[in-house]
Amino acid sequence: MAKILDGKKLALEIQQRLKSEIDQGLIKAGRAPGLAVIRVGNDPASGVYVSNKTRACEKIGVKSFSIQLDEKSSTEEIISKITDLNDDLRIDGILVQLPLPSHINSSKILKSILPTKDADGLHAYNLGSLLKGEPGPRSCTPAGIMALLASSNIELDGTRAVVVGRSILVGKPMGLMLQAANSTVTVAHSHTKDLSKLTNEADVLVVAAGKPQMIGKEHVSENTVVIDVGIHRIPQEKALVNGSLYSLCGDVRTEEVFSKARAITPVPGGVGPMTVSMLLVNTVFRWQDHCGLPFTLADLLP
Ligand code: NDP
């Protein structure tokens with residue numbers, strides 16, 4: 001039976017730690033950390049993600065600024081809003097909820113955020129810092145996975161890791177972070193041949209393909225730690241996970257892999273909550289920087 005890697009529990013512990021960092025720094029800083037979240041249009045899933053993030057902010061003492069822009073906003077209009085937020089001294093982090101409507105140039109939007117206010121760690125400058133091994137805000141999902149592995153005492157040095165997916169959001173930064181931890185990394189994608197042969201050799205398998213339940217027991221060995229990044233809403237009667245019915249599933253057939261692998265993240269309650277916590281880590285990290293406070297979160301920024 002696999003060990004369950006409980007992201008929900010660790011995410012709450014990290015939020016407690018952030019709350020205490022904020023309480024301690026508040027007087028010297030003279031203000032709370034501020035996070036601006038920009039949502040364009042009315043996509044309901046994005047609405048849920050944004051409200052999760054603003055709720056998490058409130059819980060730990062980060063002031064959230066929600067900016068709702070019209071679906072038809074132009075790239076220039078969004079950039080103009082971001083420019084205002086770049087100049088706003090109350091704001092330490094800016095997040096644009098993705099995906100953006102198809103007429104928007106997402107790359108231009110992400111580049112217009114000041115690298116020092118990049119809460120998502122997706123600005124080209126900050127991705128470059130990750131590549132060079134220099135400090136900076138980190139992409140939230142892979143950084144959350146690194147924290148979860150560390151807190152579960154999963155040693156990475158000398159291991160073989162396979163990351164399925166090569167997106168800028170997850171797969172590519174994940175590969176870099178694992179490599180920086182001295183794992184030997186292979187990044188697979190939709191053109192990769194004989195995926196199961198590759199994944200069977202993995203000590204750590206991170207699956208971020210966005211394909212519901214594509215990874216099963218034939219892809220893993222008894223030694224594999226499986227990190228399931230995927231998140232999909234599926235009709236309840238089809239989502240049999242650990243004997244229970246869920247309306248969410250990941251990229252992994254959890255029940256099957258659970259009975260074989262060394263460890264696994266559940267969906268929900270694995271990677272998702274960690275992503276939100278790492279957004280807060282990036283914001284508090286920047287607040288400490290902007291307000292001349294000591295950096296205390298280096299262990300959470302791989
Ligand atoms: P993308 O669609 O941007 O990338 C998917 C990647 O998977 C691509 O590189 C693609 O390859 C690869 N891929 C697709 N099919 C296969 C296949 N059959 N075999 C091997 N590789 C394949 O997705 P994201 O990285 O943005 O997200 C991945 C998943 O993670 C989604 O389900 C998303 O909802 C979820 N997610 C969850 C988060 C959380 O907090 N839990 C946060 C972010 C994402 P190619 O490049 O060749 O097209």
# chains A, B, ... in the order shown; residues from 1 in each chain; ligands from 1
>>> residues_near_ligand(ligand="ligand 1", cutoff="9 Å", atoms="only C-alpha atoms and all ligand atoms", output="JSON, numbers by chain")
{"A": [140, 141, 142, 144, 163, 164, 165, 166, 167, 168, 169, 170, 171, 172, 187, 188, 189, 190, 191, 192, 193, 195, 207, 208, 209, 210, 211, 212, 214, 228, 229, 230, 231, 232, 250, 251, 267, 268, 269, 270, 271, 272, 273, 274, 275, 276]}
>>> select_by_dssp(residues="region 151-231 of chain A", states="helix (DSSP H, G or I)", output="PyMOL selection string")
chain A and resi 151+171-180+195-200+217-219
>>> write_last_selection(atoms="C-alpha atoms", output="tab-separated table (two decimals), in the first residue's frame")
chain	number	residue	atom	x	y	z
A	151	SER	CA	8.31	17.15	4.36
A	171	GLY	CA	6.50	20.27	-16.32
A	172	LYS	CA	9.52	22.38	-17.26
A	173	PRO	CA	10.07	24.12	-13.88
A	174	MET	CA	9.41	20.79	-12.14
A	175	GLY	CA	12.21	19.18	-14.14
A	176	LEU	CA	14.59	21.99	-13.20
A	177	MET	CA	13.75	21.83	-9.49
A	178	LEU	CA	14.22	18.06	-9.35
A	179	GLN	CA	17.50	18.38	-11.21
A	180	ALA	CA	18.66	21.05	-8.75
A	195	LEU	CA	6.04	5.88	-21.76
A	196	SER	CA	5.46	2.97	-19.37
A	197	LYS	CA	9.01	1.63	-19.88
A	198	LEU	CA	10.33	5.06	-18.92
A	199	THR	CA	8.04	5.62	-15.94
A	200	ASN	CA	8.75	2.16	-14.54
A	217	LYS	CA	-0.26	0.29	-12.30
A	218	GLU	CA	1.55	-0.73	-15.49
A	219	HIS	CA	3.42	2.60	-15.32
>>> atom_distance(atom1="CA of Glu222 (chain A)", atom2="CA of Phe258 (chain A)")
9.9 Å
>>> closest_residue(among="A:Ile104, A:Val206, A:Val281, A:Cys291", to="Ala263 (chain A)", atoms="only C-alpha atoms")
A:Val206
>>> closest_residue(among="A:Asp120, A:Glu201, A:Asp92, A:Glu71", to="Phe285 (chain A)", atoms="only C-alpha atoms")
A:Asp92
>>> residues_around(residues="Ile14 (chain A)", least_positions_apart="2", cutoff="9 Å", atoms="only C-alpha atoms", output="ChimeraX atom specification")
/A:9-12,16-19,274,277-278,281
>>> closest_residue(among="A:Val62, A:Glu13, A:Lys81, A:Arg55", to="Arg39 (chain A)", atoms="only C-alpha atoms")
A:Lys81
>>> closest_residue(among="A:Lys111, A:Arg253, A:Arg262, A:Arg160", to="Ser221 (chain A)", atoms="only C-alpha atoms")
A:Arg262
>>> residues_around(residues="Asn105 (chain A)", least_positions_apart="4", cutoff="10 Å", atoms="only C-alpha atoms", output="PyMOL selection string")
chain A and resi 74-76+100-101+109-110
>>> write_last_selection(atoms="N, CA, C and O atoms", output="PDB file, in the first residue's frame")
ATOM      1  N   SER A  74      -9.040  44.284 -23.738  1.00  0.00           N
ATOM      2  CA  SER A  74      -7.930  44.049 -24.674  1.00  0.00           C
ATOM      3  C   SER A  74      -6.646  43.770 -23.883  1.00  0.00           C
ATOM      4  O   SER A  74      -6.560  44.072 -22.675  1.00  0.00           O
ATOM      5  N   THR A  75      -5.647  43.261 -24.579  1.00  0.00           N
ATOM      6  CA  THR A  75      -4.333  43.026 -23.957  1.00  0.00           C
ATOM      7  C   THR A  75      -3.823  44.333 -23.346  1.00  0.00           C
ATOM      8  O   THR A  75      -3.331  44.358 -22.211  1.00  0.00           O
ATOM      9  N   GLU A  76      -3.980  45.445 -24.090  1.00  0.00           N
ATOM     10  CA  GLU A  76      -3.473  46.750 -23.626  1.00  0.00           C
ATOM     11  C   GLU A  76      -4.197  47.196 -22.353  1.00  0.00           C
ATOM     12  O   GLU A  76      -3.578  47.755 -21.434  1.00  0.00           O
ATOM     13  N   LEU A 100      -6.379  32.874 -19.955  1.00  0.00           N
ATOM     14  CA  LEU A 100      -7.021  34.126 -20.372  1.00  0.00           C
ATOM     15  C   LEU A 100      -7.841  33.862 -21.634  1.00  0.00           C
ATOM     16  O   LEU A 100      -7.567  32.890 -22.355  1.00  0.00           O
ATOM     17  N   PRO A 101      -8.845  34.724 -21.926  1.00  0.00           N
ATOM     18  CA  PRO A 101      -9.589  34.541 -23.178  1.00  0.00           C
ATOM     19  C   PRO A 101      -8.625  34.493 -24.374  1.00  0.00           C
ATOM     20  O   PRO A 101      -7.546  35.079 -24.334  1.00  0.00           O
ATOM     21  N   ILE A 109       1.144  39.701 -21.339  1.00  0.00           N
ATOM     22  CA  ILE A 109       0.554  40.044 -20.026  1.00  0.00           C
ATOM     23  C   ILE A 109       1.504  39.629 -18.900  1.00  0.00           C
ATOM     24  O   ILE A 109       1.802  40.418 -18.003  1.00  0.00           O
ATOM     25  N   LEU A 110       1.996  38.383 -18.973  1.00  0.00           N
ATOM     26  CA  LEU A 110       2.860  37.898 -17.888  1.00  0.00           C
ATOM     27  C   LEU A 110       4.149  38.720 -17.821  1.00  0.00           C
ATOM     28  O   LEU A 110       4.652  39.004 -16.739  1.00  0.00           O
TER      29      LEU A 110
END
>>> residues_around(residues="Glu155 (chain A)", least_positions_apart="5", cutoff="12 Å", atoms="only C-alpha atoms", output="PDB file with N, CA, C and O atoms, in the first residue's frame")
ATOM      1  N   MET A 146       7.872  20.126  -4.402  1.00  0.00           N
ATOM      2  CA  MET A 146       9.180  19.972  -3.742  1.00  0.00           C
ATOM      3  C   MET A 146       9.018  20.032  -2.216  1.00  0.00           C
ATOM      4  O   MET A 146       9.642  19.261  -1.482  1.00  0.00           O
ATOM      5  N   ALA A 147       8.170  20.934  -1.744  1.00  0.00           N
ATOM      6  CA  ALA A 147       7.950  21.047  -0.291  1.00  0.00           C
ATOM      7  C   ALA A 147       7.300  19.780   0.253  1.00  0.00           C
ATOM      8  O   ALA A 147       7.644  19.302   1.340  1.00  0.00           O
ATOM      9  N   LEU A 148       6.376  19.231  -0.514  1.00  0.00           N
ATOM     10  CA  LEU A 148       5.680  18.016  -0.082  1.00  0.00           C
ATOM     11  C   LEU A 148       6.648  16.828  -0.026  1.00  0.00           C
ATOM     12  O   LEU A 148       6.617  16.030   0.925  1.00  0.00           O
ATOM     13  N   LEU A 149       7.517  16.723  -1.012  1.00  0.00           N
ATOM     14  CA  LEU A 149       8.510  15.636  -1.015  1.00  0.00           C
ATOM     15  C   LEU A 149       9.449  15.789   0.188  1.00  0.00           C
ATOM     16  O   LEU A 149       9.747  14.811   0.888  1.00  0.00           O
ATOM     17  N   ALA A 150       9.890  17.038   0.420  1.00  0.00           N
ATOM     18  CA  ALA A 150      10.831  17.272   1.532  1.00  0.00           C
ATOM     19  C   ALA A 150      10.176  16.932   2.864  1.00  0.00           C
ATOM     20  O   ALA A 150      10.774  16.256   3.707  1.00  0.00           O
ATOM     21  N   ARG A 160      16.154   8.637  -9.838  1.00  0.00           N
ATOM     22  CA  ARG A 160      15.692   8.863 -11.206  1.00  0.00           C
ATOM     23  C   ARG A 160      14.294   9.458 -11.116  1.00  0.00           C
ATOM     24  O   ARG A 160      13.428   8.909 -10.449  1.00  0.00           O
ATOM     25  N   ALA A 161      14.075  10.597 -11.800  1.00  0.00           N
ATOM     26  CA  ALA A 161      12.738  11.196 -11.806  1.00  0.00           C
ATOM     27  C   ALA A 161      12.223  11.279 -13.235  1.00  0.00           C
ATOM     28  O   ALA A 161      12.993  11.545 -14.168  1.00  0.00           O
ATOM     29  N   LEU A 178      13.764  19.405  -9.711  1.00  0.00           N
ATOM     30  CA  LEU A 178      14.223  18.059  -9.351  1.00  0.00           C
ATOM     31  C   LEU A 178      15.700  17.894  -9.682  1.00  0.00           C
ATOM     32  O   LEU A 178      16.458  17.301  -8.918  1.00  0.00           O
ATOM     33  N   ALA A 181      17.868  19.347  -7.205  1.00  0.00           N
ATOM     34  CA  ALA A 181      17.957  18.514  -5.994  1.00  0.00           C
ATOM     35  C   ALA A 181      18.745  17.228  -6.265  1.00  0.00           C
ATOM     36  O   ALA A 181      18.658  16.266  -5.498  1.00  0.00           O
ATOM     37  N   ASN A 182      19.496  17.225  -7.374  1.00  0.00           N
ATOM     38  CA  ASN A 182      20.388  16.107  -7.730  1.00  0.00           C
ATOM     39  C   ASN A 182      19.667  14.826  -8.119  1.00  0.00           C
ATOM     40  O   ASN A 182      20.200  13.725  -7.951  1.00  0.00           O
ATOM     41  N   SER A 183      18.454  14.971  -8.634  1.00  0.00           N
ATOM     42  CA  SER A 183      17.796  13.825  -9.252  1.00  0.00           C
ATOM     43  C   SER A 183      18.172  13.832 -10.741  1.00  0.00           C
ATOM     44  O   SER A 183      18.455  14.890 -11.300  1.00  0.00           O
ATOM     45  N   ASP A 203      12.046   6.633  -9.733  1.00  0.00           N
ATOM     46  CA  ASP A 203      11.841   6.640  -8.280  1.00  0.00           C
ATOM     47  C   ASP A 203      10.757   7.662  -7.948  1.00  0.00           C
ATOM     48  O   ASP A 203       9.963   7.475  -7.030  1.00  0.00           O
ATOM     49  N   VAL A 204      10.791   8.775  -8.690  1.00  0.00           N
ATOM     50  CA  VAL A 204       9.772   9.819  -8.512  1.00  0.00           C
ATOM     51  C   VAL A 204       9.111  10.055  -9.868  1.00  0.00           C
ATOM     52  O   VAL A 204       9.790  10.286 -10.865  1.00  0.00           O
ATOM     53  N   VAL A 225       7.437   6.904  -6.198  1.00  0.00           N
ATOM     54  CA  VAL A 225       6.642   7.942  -5.517  1.00  0.00           C
ATOM     55  C   VAL A 225       5.889   8.686  -6.627  1.00  0.00           C
ATOM     56  O   VAL A 225       6.506   9.236  -7.536  1.00  0.00           O
TER      57      VAL A 225
END
>>> decode(residues="region 118-150 of chain A", atoms="N, CA and C atoms", output="short mmCIF file (atom, residue, chain, number, x, y, z; two decimals), in the first residue's frame")
data_model
loop_
_atom_site.label_atom_id
_atom_site.label_comp_id
_atom_site.auth_asym_id
_atom_site.auth_seq_id
_atom_site.Cartn_x
_atom_site.Cartn_y
_atom_site.Cartn_z
N ASP A 118 5.96 39.25 -9.07
CA ASP A 118 5.45 38.09 -9.80
C ASP A 118 5.07 36.98 -8.81
N ALA A 119 3.80 36.93 -8.43
CA ALA A 119 3.39 35.98 -7.39
C ALA A 119 3.38 34.54 -7.88
N ASP A 120 3.26 34.35 -9.18
CA ASP A 120 3.15 33.00 -9.75
C ASP A 120 4.50 32.41 -10.12
N GLY A 121 5.54 33.24 -10.10
CA GLY A 121 6.87 32.77 -10.50
C GLY A 121 6.96 32.40 -11.97
N LEU A 122 6.10 32.99 -12.80
CA LEU A 122 6.06 32.61 -14.22
C LEU A 122 6.68 33.65 -15.14
N HIS A 123 7.13 34.79 -14.57
CA HIS A 123 7.79 35.80 -15.41
C HIS A 123 9.09 35.22 -15.97
N ALA A 124 9.40 35.58 -17.22
CA ALA A 124 10.59 35.03 -17.88
C ALA A 124 11.84 35.26 -17.02
N TYR A 125 11.91 36.42 -16.35
CA TYR A 125 13.08 36.72 -15.51
C TYR A 125 13.20 35.71 -14.37
N ASN A 126 12.05 35.41 -13.75
CA ASN A 126 12.08 34.49 -12.60
C ASN A 126 12.29 33.04 -13.04
N LEU A 127 11.76 32.69 -14.22
CA LEU A 127 12.04 31.35 -14.75
C LEU A 127 13.54 31.24 -15.06
N GLY A 128 14.12 32.36 -15.53
CA GLY A 128 15.57 32.39 -15.78
C GLY A 128 16.35 32.22 -14.49
N SER A 129 15.87 32.84 -13.41
CA SER A 129 16.54 32.69 -12.11
C SER A 129 16.51 31.23 -11.66
N LEU A 130 15.38 30.57 -11.89
CA LEU A 130 15.28 29.14 -11.55
C LEU A 130 16.31 28.35 -12.37
N LEU A 131 16.37 28.65 -13.66
CA LEU A 131 17.31 27.96 -14.55
C LEU A 131 18.75 28.13 -14.05
N LYS A 132 19.06 29.34 -13.58
CA LYS A 132 20.43 29.62 -13.13
C LYS A 132 20.67 29.23 -11.66
N GLY A 133 19.62 28.80 -10.98
CA GLY A 133 19.79 28.43 -9.56
C GLY A 133 19.91 29.64 -8.66
N GLU A 134 19.35 30.79 -9.11
CA GLU A 134 19.39 32.00 -8.28
C GLU A 134 18.06 32.16 -7.54
N PRO A 135 18.09 32.83 -6.37
CA PRO A 135 16.85 32.94 -5.61
C PRO A 135 15.78 33.76 -6.33
N GLY A 136 14.55 33.52 -5.98
CA GLY A 136 13.44 34.28 -6.57
C GLY A 136 12.15 33.58 -6.27
N PRO A 137 11.02 34.21 -6.63
CA PRO A 137 9.75 33.50 -6.47
C PRO A 137 9.76 32.29 -7.42
N ARG A 138 9.13 31.23 -7.03
CA ARG A 138 9.15 30.01 -7.83
C ARG A 138 7.74 29.65 -8.33
N SER A 139 7.69 28.96 -9.45
CA SER A 139 6.40 28.48 -9.98
C SER A 139 5.72 27.68 -8.88
N CYS A 140 4.46 28.02 -8.63
CA CYS A 140 3.82 27.53 -7.39
C CYS A 140 3.63 26.02 -7.35
N THR A 141 3.14 25.42 -8.42
CA THR A 141 2.83 23.98 -8.35
C THR A 141 4.09 23.14 -8.15
N PRO A 142 5.13 23.31 -8.98
CA PRO A 142 6.33 22.50 -8.72
C PRO A 142 7.00 22.82 -7.38
N ALA A 143 6.98 24.08 -6.96
CA ALA A 143 7.58 24.40 -5.66
C ALA A 143 6.80 23.72 -4.54
N GLY A 144 5.49 23.66 -4.69
CA GLY A 144 4.65 22.97 -3.70
C GLY A 144 4.97 21.47 -3.65
N ILE A 145 5.23 20.90 -4.82
CA ILE A 145 5.57 19.47 -4.87
C ILE A 145 6.92 19.24 -4.18
N MET A 146 7.87 20.13 -4.40
CA MET A 146 9.18 19.97 -3.74
C MET A 146 9.02 20.03 -2.22
N ALA A 147 8.17 20.93 -1.74
CA ALA A 147 7.95 21.05 -0.29
C ALA A 147 7.30 19.78 0.25
N LEU A 148 6.38 19.23 -0.51
CA LEU A 148 5.68 18.02 -0.08
C LEU A 148 6.65 16.83 -0.03
N LEU A 149 7.52 16.72 -1.01
CA LEU A 149 8.51 15.64 -1.02
C LEU A 149 9.45 15.79 0.19
N ALA A 150 9.89 17.04 0.42
CA ALA A 150 10.83 17.27 1.53
C ALA A 150 10.18 16.93 2.86
#
